[in-house]
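Please read the structure below before turning to the comments.
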Amino acid sequence: MRLTDEAILRESRGKLILLVFNNKGTRAMEVNDSFVFLWNKFSDIDFSVEDLASALVEEYGIDPEAAQADASQTVSIWKESSLLKEE
Amino acid sequence: MKLSKEFLVLLNAALSGNTPDGGVMDILNSTSPECWQIIAAISREQNVTGLVGDAVTNLSEKIAIPENVFLYFLAEKEKCALQGRRMAAIAKSIINGFNEKGLNPILLKGPATAAFYPKPELRSYGDIDLFFNRDEFHKARDIAKSETGFILASDGSFHFKKDDVDVDVHDKYFDLHVSEDKLPQVPSSEATLLMLSAHALKHACGTGVGIRQITDYAMACDALKGEYDPERLDEAFRKAGMTKWQILLCSFIINVLGIQIPCPGGKTVSEEPLLKIIEEGGNFGHHAAGRGEVYGKSTVKRKMDTFRRFLERLPFSIKYAPKETLSTMLSLLGGNLHI
């Protein structure tokens, strides 16, 4: 899978904001540090849920099982929010 | 919709490239959440969300802005910047393409003015207008015909698409009926300013003009300071029968936008007649009462609506641009209205 290129991250007024521009219109959503970490690391490359989990383990030193669950949840959210490119 | 003082403060900040401070901050400090919603609505109506968005998102964090309004402006600014950069790249590639074939197009209207703004990418535009001199116009048409296909308009201009962007190609630089031989040489700073003023005038006398066409002139006039001769420019406005209009336009820019530019004869007048048109219909009059109802309707219905609006505007047009108005009426009688 691959992240959409119709979105950009901005920091404004101390908040991290993802702006999404697609055929459904424009959306702005506040995101957290771990989202930004994953977004920056996996922009413009193909990746799997396992890749996300490994990155979370490496960056935050969390338990691999918890990382796998977090990664799966993150992918679900990205799918629901149309943040993944159509395959 | 009336232009609020808060909207004007933010627009001015974007046009000057400065962050609002001092007394201006006091105005924004006491701005209610409802008022912020109104600022967003005016910006939308006048099609300056990118510019105002830039000012809003650069305000001190001490100023409380409703989150939905702040996010709206942030998104609008970024969307506008993305679109602006894309359009600039497309315009550049079209111009390069013609240059390689020995032709020299000149940008008109929106694309021509973006460079005069502190952040060009925030002056949004939806299509690209190009001008070729008479010698090159037919060659350009042949090139467009062989490469993209084109549509010929009844006013002699032609139209093609490049990367899904509408490109209109003209053999007239000025939106005026007066002979171009009497007007400043193209390209020149005087010609650019006359072209922008005439474009705003055309819309003011037709379906309506928004503040963006006015800021275009203000930004160009400010950026070209020292590069044009004010007396020669005034002379060009006189020859085009536009002096009264020009005084009104400059008065609006000085009194409402707070940008100091030379005004013909050095005197200003009340900006009210132009302010009324701008507030009535917003960008190109798209938001005027009843205008939305004709969108998507037949060309005849839209033309009839344009004609009705032209008639309603006659007292204004006759007062501020009698020569142009008379020529437009003669064109209308010839069944040749292209607004």
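Every chain in the structure tokens takes a letter, A first, then B, and so on in the order presented; its residues are numbered from 1, and the ligands are numbered from 1 following the presented order.
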Residue hits in chain A, query chain B, radius 7 Å, only C-alpha atoms, as a list in words | Arg13, Leu19, Thr26 and Ala28 of chain A
Keeping N, CA and C atoms for every residue in the selection just given, could you write it to a file as a compact mmCIF listing (two decimals), in the first residue's frame?
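Printed below is selection.txt as written:
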```txt
# COMPACT_ATOMS: atom_id res chain seq x y z
N ARG A 13 0.16 27.04 15.04
CA ARG A 13 -0.31 27.34 16.39
C ARG A 13 -0.08 26.17 17.34
N LEU A 19 -3.67 18.17 6.10
CA LEU A 19 -4.65 18.74 5.17
C LEU A 19 -4.80 17.79 3.99
N THR A 26 -11.92 19.29 0.68
CA THR A 26 -10.74 19.58 1.50
C THR A 26 -11.07 19.27 2.96
N ALA A 28 -9.30 19.08 7.05
CA ALA A 28 -8.16 19.36 7.93
C ALA A 28 -8.35 18.53 9.19
```
Spatial neighbours of Leu15 of chain B, 9 Å, only C-alpha atoms, chain gap at least 5 places, as a list of chain:residue names |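 Here the answer would be B:Leu10, B:Leu51, B:Tyr117, B:Pro118, B:Lys119, B:Thr215, B:Met219.
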Please tabulate, as a tab-separated table, the residues of segment 15-124 of chain B that come within 12 Å of segment 151-169 of chain B, each with its closest pair of atoms and the distance in Å to one decimal, counting only C-alpha atoms and ordering rows by chain, then residue number upward.
```
residue	atom	partner	partner_atom	distance
B:Gln83	CA	B:Val165	CA	11.1
B:Arg86	CA	B:Asp163	CA	10.0
B:Met87	CA	B:Val165	CA	8.1
B:Ala88	CA	B:Val165	CA	11.3
B:Ala89	CA	B:Asp163	CA	10.7
B:Ile90	CA	B:Lys162	CA	7.5
B:Ala91	CA	B:Val167	CA	9.0
B:Lys92	CA	B:Lys162	CA	11.6
B:Ser93	CA	B:Lys162	CA	9.6
B:Ile94	CA	B:Lys162	CA	8.0
B:Ile95	CA	B:Val167	CA	11.4
B:Gly97	CA	B:Lys162	CA	11.5
B:Pro105	CA	B:Val169	CA	9.0
B:Ile106	CA	B:Val169	CA	9.8
B:Leu107	CA	B:Val169	CA	9.5
B:Leu108	CA	B:Val169	CA	9.4
B:Lys109	CA	B:Asp168	CA	10.9
B:Pro111	CA	B:Val167	CA	11.1
```
Find the residues near Val48 of chain B: any atom within 9 Å, counting only C-alpha atoms, skip ones fewer than 4 places away on the same chain, and give them as JSON, numbers by chain.
-> {"B": [11, 42, 43, 44, 52, 53, 122, 123, 124, 211, 212]}
Using only C-alpha atoms, determine which residues lie at most 7 Å from segment 194-197 of chain B, disregarding the query and same-chain residues fewer than 6 positions distant; provide the list as a list of chain:residue names.
->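 Neighbouring residues, sequence-local ones excluded: B:Lys109, B:Tyr173, B:Phe174, B:Asp175, B:Tyr217.
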Could you dump the residues just selected with C-alpha atoms as a PDB file, in the first residue's frame?
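Once everything was written out, this is out-v6.pdb:
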```pdb
ATOM      1  CA  LYS B 109      -5.309  39.111 -16.403  1.00  0.00           C
ATOM      2  CA  TYR B 173      -4.417  43.020 -25.230  1.00  0.00           C
ATOM      3  CA  PHE B 174      -6.922  45.509 -23.851  1.00  0.00           C
ATOM      4  CA  ASP B 175     -10.589  44.872 -22.991  1.00  0.00           C
ATOM      5  CA  TYR B 217      -4.395  46.670 -10.056  1.00  0.00           C
TER       6      TYR B 217
END
```
Could you please determine the separation between atom CA of Val69 of chain B and atom CA of Pro33 of chain B in Å, to one decimal place?
->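 That distance, rounded to one decimal, is 8.7 Å.
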Counting only C-alpha atoms, what is within 12 Å of segment 33-46 of chain A, bar same-chain residues fewer than 5 positions away, as a PyMOL selection string?
-> chain A and resi 1-11+14-18+51-60+67+70-71+73-75+77-78+83-85+87
Please run DSSP on the backbone and report, as JSON, numbers by chain, all residues within chain A that come out as strand (DSSP E or B).
-> {"A": [3, 7, 8, 9, 10, 11, 12, 15, 16, 17, 18, 19, 20, 21, 22, 25, 26, 27, 28, 29, 30, 31, 84]}
Measure the distance from atom CA of Pro66 of chain B to atom CA of Gln37 of chain B in Å and round it to one decimal.
-> 8.5 Å
